[in-house]
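Here's target.tsv, which has TSV, C-alpha atoms and all ligand atoms:
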```tsv
chain	number	residue	atom	x	y	z
R	1	MET	CA	2.88	-35.61	15.60
R	2	SER	CA	3.85	-32.46	13.75
R	3	LEU	CA	3.12	-31.24	10.26
R	4	TYR	CA	5.19	-28.65	8.41
R	5	VAL	CA	3.67	-27.78	5.06
R	6	ILE	CA	5.00	-25.25	2.58
R	7	LEU	CA	2.42	-23.70	0.25
R	8	MET	CA	3.89	-22.41	-3.00
R	9	GLY	CA	2.13	-20.68	-5.86
R	10	VAL	CA	2.05	-17.42	-7.72
R	11	GLN	CA	0.15	-14.48	-6.23
R	12	GLY	CA	-3.56	-15.16	-6.70
R	13	ALA	CA	-3.28	-18.95	-6.79
R	14	GLY	CA	-5.51	-19.13	-3.72
R	15	LYS	CA	-2.84	-20.00	-1.18
R	16	GLY	CA	-4.43	-17.93	1.59
R	17	LEU	CA	-7.80	-19.60	1.20
R	18	GLN	CA	-6.47	-23.14	1.05
R	19	ALA	CA	-4.15	-22.42	3.98
R	20	LYS	CA	-7.21	-21.59	6.10
R	21	ARG	CA	-8.67	-24.99	5.28
R	22	ILE	CA	-5.47	-26.84	6.13
R	23	GLU	CA	-5.39	-24.84	9.36
R	24	THR	CA	-8.88	-26.01	10.35
R	25	ARG	CA	-8.37	-29.58	9.22
R	26	PHE	CA	-4.96	-30.18	10.80
R	27	GLY	CA	-5.01	-27.72	13.71
R	28	ILE	CA	-1.82	-25.94	12.71
R	29	PRO	CA	-1.60	-22.17	12.09
R	30	GLN	CA	-0.95	-20.50	8.78
R	31	VAL	CA	2.21	-18.44	8.82
R	32	SER	CA	2.25	-15.95	5.98
R	33	THR	CA	5.35	-13.78	5.84
R	34	GLY	CA	3.38	-11.24	3.74
R	35	ASP	CA	0.83	-11.00	6.58
R	36	LEU	CA	3.58	-10.76	9.21
R	37	PHE	CA	5.17	-7.89	7.26
R	38	ARG	CA	1.82	-6.19	6.66
R	39	ALA	CA	1.12	-6.36	10.40
R	40	MET	CA	4.20	-4.16	10.87
R	41	ARG	CA	2.23	-1.31	9.27
R	42	THR	CA	1.11	-0.11	12.69
R	43	ARG	CA	4.74	0.32	13.78
R	44	SER	CA	6.70	3.47	13.01
R	45	ASP	CA	10.30	2.33	13.63
R	46	ALA	CA	12.88	2.44	10.84
R	47	LEU	CA	12.71	-1.31	10.05
R	48	ALA	CA	8.90	-1.26	9.79
R	49	ARG	CA	8.99	1.81	7.51
R	50	LYS	CA	11.61	0.19	5.27
R	51	VAL	CA	9.53	-3.01	5.04
R	52	GLN	CA	6.41	-1.04	3.98
R	53	GLU	CA	8.39	0.80	1.31
R	54	LEU	CA	9.79	-2.41	-0.20
R	55	MET	CA	6.43	-4.18	-0.07
R	56	ALA	CA	4.62	-1.33	-1.83
R	57	ALA	CA	7.15	-1.64	-4.66
R	58	GLY	CA	6.78	-5.43	-4.82
R	59	ILE	CA	10.41	-5.97	-3.77
R	60	LEU	CA	11.48	-8.81	-1.47
R	61	ILE	CA	12.59	-8.07	2.09
R	62	ASP	CA	16.17	-9.16	2.89
R	63	ASP	CA	16.69	-12.77	4.01
R	64	ASP	CA	18.05	-12.05	7.51
R	65	THR	CA	15.03	-9.95	8.45
R	66	THR	CA	12.64	-12.49	6.92
R	67	ASN	CA	14.30	-15.52	8.56
R	68	ALA	CA	14.33	-13.81	11.97
R	69	ILE	CA	10.63	-13.02	11.72
R	70	VAL	CA	9.81	-16.62	10.78
R	71	ALA	CA	11.99	-18.11	13.57
R	72	ASP	CA	10.21	-15.85	16.04
R	73	ARG	CA	6.80	-16.99	14.75
R	74	LEU	CA	7.75	-20.70	14.85
R	75	ALA	CA	8.66	-20.30	18.53
R	76	GLN	CA	5.10	-19.26	19.47
R	77	PRO	CA	3.13	-21.88	21.45
R	78	ASP	CA	0.43	-22.31	18.77
R	79	ALA	CA	3.12	-23.39	16.27
R	80	ARG	CA	4.55	-26.26	18.33
R	81	ASN	CA	2.80	-28.97	16.24
R	82	GLY	CA	3.74	-27.42	12.93
R	83	VAL	CA	2.68	-24.66	10.57
R	84	ILE	CA	1.55	-23.97	7.04
R	85	LEU	CA	4.11	-21.66	5.49
R	86	ASP	CA	2.67	-19.28	2.93
R	87	GLY	CA	5.06	-17.00	1.05
R	88	TYR	CA	8.12	-18.55	2.71
R	89	PRO	CA	10.69	-19.76	1.79
R	90	ARG	CA	10.99	-17.55	-1.30
R	91	ASN	CA	14.56	-18.53	-2.22
R	92	GLN	CA	17.25	-21.07	-1.45
R	93	VAL	CA	18.86	-19.06	1.34
R	94	GLN	CA	15.53	-19.04	3.16
R	95	ALA	CA	14.95	-22.75	2.38
R	96	ALA	CA	18.35	-23.65	3.83
R	97	PHE	CA	17.66	-21.55	6.93
R	98	LEU	CA	14.29	-23.23	7.44
R	99	GLU	CA	15.73	-26.72	7.09
R	100	ALA	CA	18.52	-26.01	9.59
R	101	HIS	CA	16.14	-24.29	12.00
R	102	LEU	CA	13.66	-27.19	11.98
R	103	ALA	CA	16.48	-29.77	12.24
R	104	GLN	CA	17.69	-28.04	15.42
R	105	HIS	CA	14.30	-28.90	16.91
R	106	GLY	CA	14.22	-32.45	15.50
R	107	LYS	CA	11.66	-31.45	12.86
R	108	SER	CA	11.57	-31.27	9.07
R	109	VAL	CA	9.40	-30.14	6.18
R	110	ASP	CA	6.74	-32.79	5.47
R	111	ALA	CA	5.26	-31.60	2.16
R	112	VAL	CA	5.56	-28.77	-0.36
R	113	LEU	CA	2.30	-28.02	-2.16
R	114	LEU	CA	2.71	-26.19	-5.46
R	115	LEU	CA	-0.53	-24.52	-6.57
R	116	GLU	CA	-0.11	-24.20	-10.33
R	117	LEU	CA	-1.88	-21.36	-12.17
R	118	ASP	CA	-1.73	-19.69	-15.57
R	119	LEU	CA	0.06	-16.35	-15.10
R	120	TYR	CA	-2.54	-14.18	-16.84
R	121	VAL	CA	-5.23	-15.66	-14.61
R	122	ALA	CA	-2.91	-14.95	-11.67
R	123	PHE	CA	-2.63	-11.28	-12.70
R	124	LYS	CA	-6.40	-10.85	-12.95
R	125	ARG	CA	-7.01	-12.56	-9.62
R	126	ALA	CA	-4.72	-10.06	-7.87
R	127	PHE	CA	-5.50	-6.88	-9.85
R	128	GLY	CA	-9.28	-7.28	-9.65
R	129	ARG	CA	-9.49	-8.37	-6.00
R	130	VAL	CA	-11.33	-6.48	-3.26
R	131	THR	CA	-12.06	-7.66	0.28
R	132	ALA	CA	-14.88	-6.99	2.74
R	133	ALA	CA	-14.39	-6.45	6.47
R	134	ASP	CA	-15.72	-9.98	7.12
R	135	GLY	CA	-12.89	-11.44	5.02
R	136	SER	CA	-14.93	-12.44	1.95
R	137	SER	CA	-13.30	-11.37	-1.29
R	138	TYR	CA	-14.62	-10.54	-4.76
R	139	ASN	CA	-13.11	-9.85	-8.14
R	140	CYS	CA	-14.14	-7.42	-10.87
R	141	TYR	CA	-13.22	-9.99	-13.54
R	142	TYR	CA	-15.40	-12.67	-11.94
R	143	LYS	CA	-18.55	-10.73	-11.20
R	144	VAL	CA	-21.18	-11.64	-8.63
R	145	GLU	CA	-24.67	-10.16	-8.49
R	146	ASP	CA	-24.62	-8.16	-5.27
R	147	VAL	CA	-21.28	-6.41	-5.76
R	148	GLU	CA	-20.94	-3.34	-7.94
R	149	PHE	CA	-17.58	-2.46	-9.45
R	150	ASN	CA	-16.57	0.90	-10.91
R	151	TRP	CA	-13.32	2.22	-12.33
R	152	LEU	CA	-13.12	5.84	-11.13
R	153	ALA	CA	-11.03	8.14	-13.30
R	154	ASP	CA	-8.42	10.27	-11.55
R	155	GLU	CA	-9.44	13.88	-12.18
R	156	SER	CA	-5.88	15.18	-12.20
R	157	GLY	CA	-4.97	12.60	-14.84
R	158	HIS	CA	-1.82	11.72	-12.90
R	159	PHE	CA	-2.95	8.32	-11.69
R	160	PRO	CA	-4.64	5.36	-13.39
R	161	PRO	CA	-8.34	4.80	-12.65
R	162	ARG	CA	-9.11	3.49	-9.17
R	163	LEU	CA	-11.22	0.37	-8.62
R	164	ALA	CA	-14.17	1.07	-6.32
R	165	ALA	CA	-16.54	-1.66	-5.17
R	166	THR	CA	-19.57	-1.80	-2.91
R	167	ARG	CA	-21.71	-4.68	-1.73
R	168	ALA	CA	-25.51	-4.45	-1.81
R	169	GLY	CA	-26.96	-3.56	1.59
R	170	SER	CA	-23.72	-2.07	2.89
R	171	ASP	CA	-22.23	1.43	2.65
R	172	ALA	CA	-18.76	0.24	3.57
R	173	PRO	CA	-16.54	0.24	0.47
R	174	LEU	CA	-14.74	-3.02	-0.23
R	175	LYS	CA	-11.00	-2.66	0.24
R	176	ARG	CA	-8.24	-3.29	-2.24
R	177	ARG	CA	-4.75	-4.18	-1.00
R	178	PRO	CA	-2.34	-1.37	-1.98
R	179	ASP	CA	0.05	-3.90	-3.52
R	180	ASP	CA	-2.82	-5.33	-5.63
R	181	ALA	CA	-3.72	-1.87	-6.94
R	182	SER	CA	-0.47	-1.47	-8.85
R	183	ALA	CA	-0.19	-3.46	-12.09
R	184	ASP	CA	3.58	-2.87	-12.01
R	185	ALA	CA	3.88	-4.29	-8.50
R	186	ILE	CA	1.86	-7.38	-9.45
R	187	ILE	CA	3.95	-8.03	-12.57
R	188	LYS	CA	7.09	-7.53	-10.51
R	189	ARG	CA	5.84	-10.08	-7.96
R	190	ILE	CA	5.02	-12.57	-10.74
R	191	ASP	CA	8.50	-12.06	-12.24
R	192	THR	CA	10.17	-12.47	-8.88
R	193	PHE	CA	8.09	-15.58	-8.25
R	194	LEU	CA	9.19	-17.14	-11.55
R	195	GLU	CA	12.85	-16.30	-10.99
R	196	THR	CA	13.08	-17.44	-7.40
R	197	THR	CA	10.63	-20.32	-7.27
R	198	GLN	CA	11.94	-22.57	-10.03
R	199	PRO	CA	15.15	-23.39	-8.13
R	200	LEU	CA	13.03	-24.13	-5.04
R	201	ILE	CA	10.69	-26.36	-7.04
R	202	ASP	CA	13.70	-28.33	-8.27
R	203	TYR	CA	15.17	-28.44	-4.77
R	204	TYR	CA	12.02	-29.87	-3.16
R	205	ALA	CA	11.27	-32.17	-6.10
R	206	ALA	CA	14.72	-33.73	-5.64
R	207	LYS	CA	13.82	-34.36	-1.99
R	208	ASP	CA	10.55	-35.96	-3.15
R	209	LEU	CA	8.54	-33.43	-1.12
R	210	LEU	CA	6.88	-31.60	-4.03
R	211	ARG	CA	3.14	-32.15	-4.62
R	212	LYS	CA	1.64	-30.36	-7.65
R	213	VAL	CA	-1.96	-29.12	-7.44
R	214	ASN	CA	-4.01	-27.58	-10.27
R	215	ALA	CA	-5.14	-24.20	-8.86
R	216	ASP	CA	-7.27	-23.27	-11.89
R	217	GLN	CA	-10.40	-25.06	-10.64
R	218	SER	CA	-13.06	-24.50	-8.00
R	219	ILE	CA	-11.99	-23.98	-4.39
R	220	GLU	CA	-13.54	-27.36	-3.52
R	221	ALA	CA	-11.70	-29.21	-6.30
R	222	VAL	CA	-8.37	-27.63	-5.29
R	223	TRP	CA	-9.02	-28.60	-1.67
R	224	ALA	CA	-9.77	-32.23	-2.67
R	225	GLU	CA	-6.40	-32.40	-4.43
R	226	ILE	CA	-4.66	-30.93	-1.39
R	227	GLU	CA	-6.24	-33.47	0.96
R	228	ARG	CA	-5.08	-36.26	-1.31
R	229	ALA	CA	-1.58	-34.75	-1.49
R	230	LEU	CA	-1.40	-34.65	2.30
R	231	GLY	CA	-2.50	-38.26	2.46
R	232	GLN	CA	-5.93	-37.51	3.93
R	233	GLY	CA	-8.24	-37.56	0.90
R	301	LIG	P1	2.83	-11.81	-0.22
R	301	LIG	O1	1.64	-11.40	0.59
R	301	LIG	O2	3.34	-13.17	0.13
R	301	LIG	O3	2.66	-11.59	-1.68
R	301	LIG	O4	4.01	-10.81	0.22
R	301	LIG	C1	3.91	-9.42	0.06
R	301	LIG	C2	5.28	-8.79	0.16
R	301	LIG	O5	5.89	-9.10	1.43
R	301	LIG	C3	6.30	-9.26	-0.87
R	301	LIG	O6	6.17	-8.57	-2.10
R	301	LIG	C4	7.61	-8.93	-0.17
R	301	LIG	O7	7.88	-7.55	-0.20
R	301	LIG	C5	7.29	-9.31	1.28
R	301	LIG	N1	7.58	-10.74	1.56
R	301	LIG	C6	6.67	-11.70	1.90
R	301	LIG	N2	7.27	-12.90	2.10
R	301	LIG	C7	8.60	-12.70	1.89
R	301	LIG	C8	9.75	-13.56	1.92
R	301	LIG	N3	9.66	-14.87	2.21
R	301	LIG	N4	10.95	-13.01	1.64
R	301	LIG	C9	11.07	-11.71	1.36
R	301	LIG	N5	10.03	-10.85	1.28
R	301	LIG	C10	8.79	-11.32	1.55
```
Any chance you could put this one into structure tokens?
Amino acid sequence: MSLYVILMGVQGAGKGLQAKRIETRFGIPQVSTGDLFRAMRTRSDALARKVQELMAAGILIDDDTTNAIVADRLAQPDARNGVILDGYPRNQVQAAFLEAHLAQHGKSVDAVLLLELDLYVAFKRAFGRVTAADGSSYNCYYKVEDVEFNWLADESGHFPPRLAATRAGSDAPLKRRPDDASADAIIKRIDTFLETTQPLIDYYAAKDLLRKVNADQSIEAVWAEIERALGQG
């Protein structure tokens, strides 16, 4: 049996976290196109450099490049029983490619989970986020006791203040994703999401594959809704 799940939701809706849970529960890997593109950071060829430039500005990578990277990932042995797609498809060209690609292998999309979140909450979740080396993440707008947050002014006055965070008992600074550090880039991503996702929502709703989940609740409550949506709750 295979399971192809598409996770949709604005940046900060908690897709990454919930994808990890689906991964554990159903034994299928999460395929995040954002992660696949970020992994290209270590490469120095022209394509990789171009991808980094576009990502830093919050602009989408072209469909041919994106589709090719996804097809390559779906052909890996760990993806033979399905995947959780996170950040893909982002538009109808990509959705059509995915459908045709899966059909060639006698497969199809089983469910599209839409994690719904208020857009201002979405902005804060991305802009305030920092991550530790062990993968745990924190947010300056949702404080926890053992993490200290500071906005450090730029002495030259040319850049906005930088968010610095440290965790008690550790000297290692918590890291902020470069594309989370730019308010412009986040707003651009939210705008792009709104523009490109609505047609996809309609497309999958018409196929009766869309499952709406309220993402503005605890991680556990969101997960319970997802399990129900996938028929396992
Ligand atoms: P994400 O981590 O999903 O927010 O993606 C970060 C960045 O990667 C986006 O702003 C785009 O530049 C690029 N990206 C990720 N997924 C796609 C996609 N399906 N199509 C085009 N560009 C993408």
Could you build a table of the residues in chain R lying no more than 7 Å from ligand LIG 301 (chain R), giving for each the nearest pair of atoms and their separation in Å rounded to one decimal place, using all atoms listed in the file, ordered by chain and ascending residue number, as a Markdown table?
```
| residue | atom | partner | partner_atom | distance |
| --- | --- | --- | --- | --- |
| R:Gln11 | CA | R:LIG301 | O3 | 5.9 |
| R:Ser32 | CA | R:LIG301 | O2 | 6.6 |
| R:Thr33 | CA | R:LIG301 | N2 | 4.3 |
| R:Gly34 | CA | R:LIG301 | O4 | 3.6 |
| R:Asp35 | CA | R:LIG301 | O1 | 6.1 |
| R:Phe37 | CA | R:LIG301 | O5 | 6.0 |
| R:Leu54 | CA | R:LIG301 | O7 | 5.5 |
| R:Met55 | CA | R:LIG301 | O7 | 3.7 |
| R:Gly58 | CA | R:LIG301 | O6 | 4.2 |
| R:Ile59 | CA | R:LIG301 | O7 | 4.7 |
| R:Leu60 | CA | R:LIG301 | N5 | 3.7 |
| R:Ile61 | CA | R:LIG301 | N5 | 3.9 |
| R:Asp62 | CA | R:LIG301 | C9 | 5.9 |
| R:Asp63 | CA | R:LIG301 | N4 | 6.2 |
| R:Thr66 | CA | R:LIG301 | N4 | 5.6 |
| R:Asp86 | CA | R:LIG301 | O2 | 6.8 |
| R:Gly87 | CA | R:LIG301 | O2 | 4.3 |
| R:Tyr88 | CA | R:LIG301 | N3 | 4.0 |
| R:Pro89 | CA | R:LIG301 | N3 | 5.0 |
| R:Arg90 | CA | R:LIG301 | N3 | 4.6 |
| R:Arg189 | CA | R:LIG301 | O6 | 6.1 |
```
- Message: Which residues are close to R:Met40, i.e. within 12 Å by only C-alpha atoms, leaving aside same-chain residues fewer than 5 positions away? Reply as a ChimeraX atom specification.
- Response: /R:33-35,45-53,55,69
- Message: Restricting the calculation to all atoms listed in the file: of R:Met1, R:Ile187, R:Val147, R:Ala172, which residue gets closest to R:Leu119?
- Response: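 Nearest candidate to R:Leu119 out of R:Met1, R:Ile187, R:Val147, R:Ala172: R:Ile187.
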- Query: Quick one: residues within 6 Å of stretch 2-10 of chain R, only C-alpha atoms counted, chain neighbours fewer than 5 positions away excluded, as a list in words?
  - Reply: Asn81, Gly82, Val83, Ile84, Leu85, Asp86, Val109, Asp110, Ala111, Val112, Leu113, Leu114 and Leu115 of chain R
- Item | Residue among R:Leu163, R:Val121, R:Ala95, R:Ala100 lying closest to R:Thr196, counting all atoms listed in the file | R:Ala95
How big is the axis-aligned box, and where does its centre sit, when it encloses all atoms of stretch 225-231 of chain R listed in the file and has 3 Å added on every side, reported in Å to one decimal as lines of an AutoDock Vina configuration file?
```
center_x = -3.9
center_y = -34.6
center_z = -1.0
size_x = 11.0
size_y = 13.3
size_z = 12.9
```
- Query: Looking at R:Ala181, R:Ala79, R:Leu174, R:Lys143, which one is nearest to R:Pro160, with distances taken over only C-alpha atoms?
  - Reply: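 With only C-alpha atoms as the atom set, the closest residue is R:Ala181.
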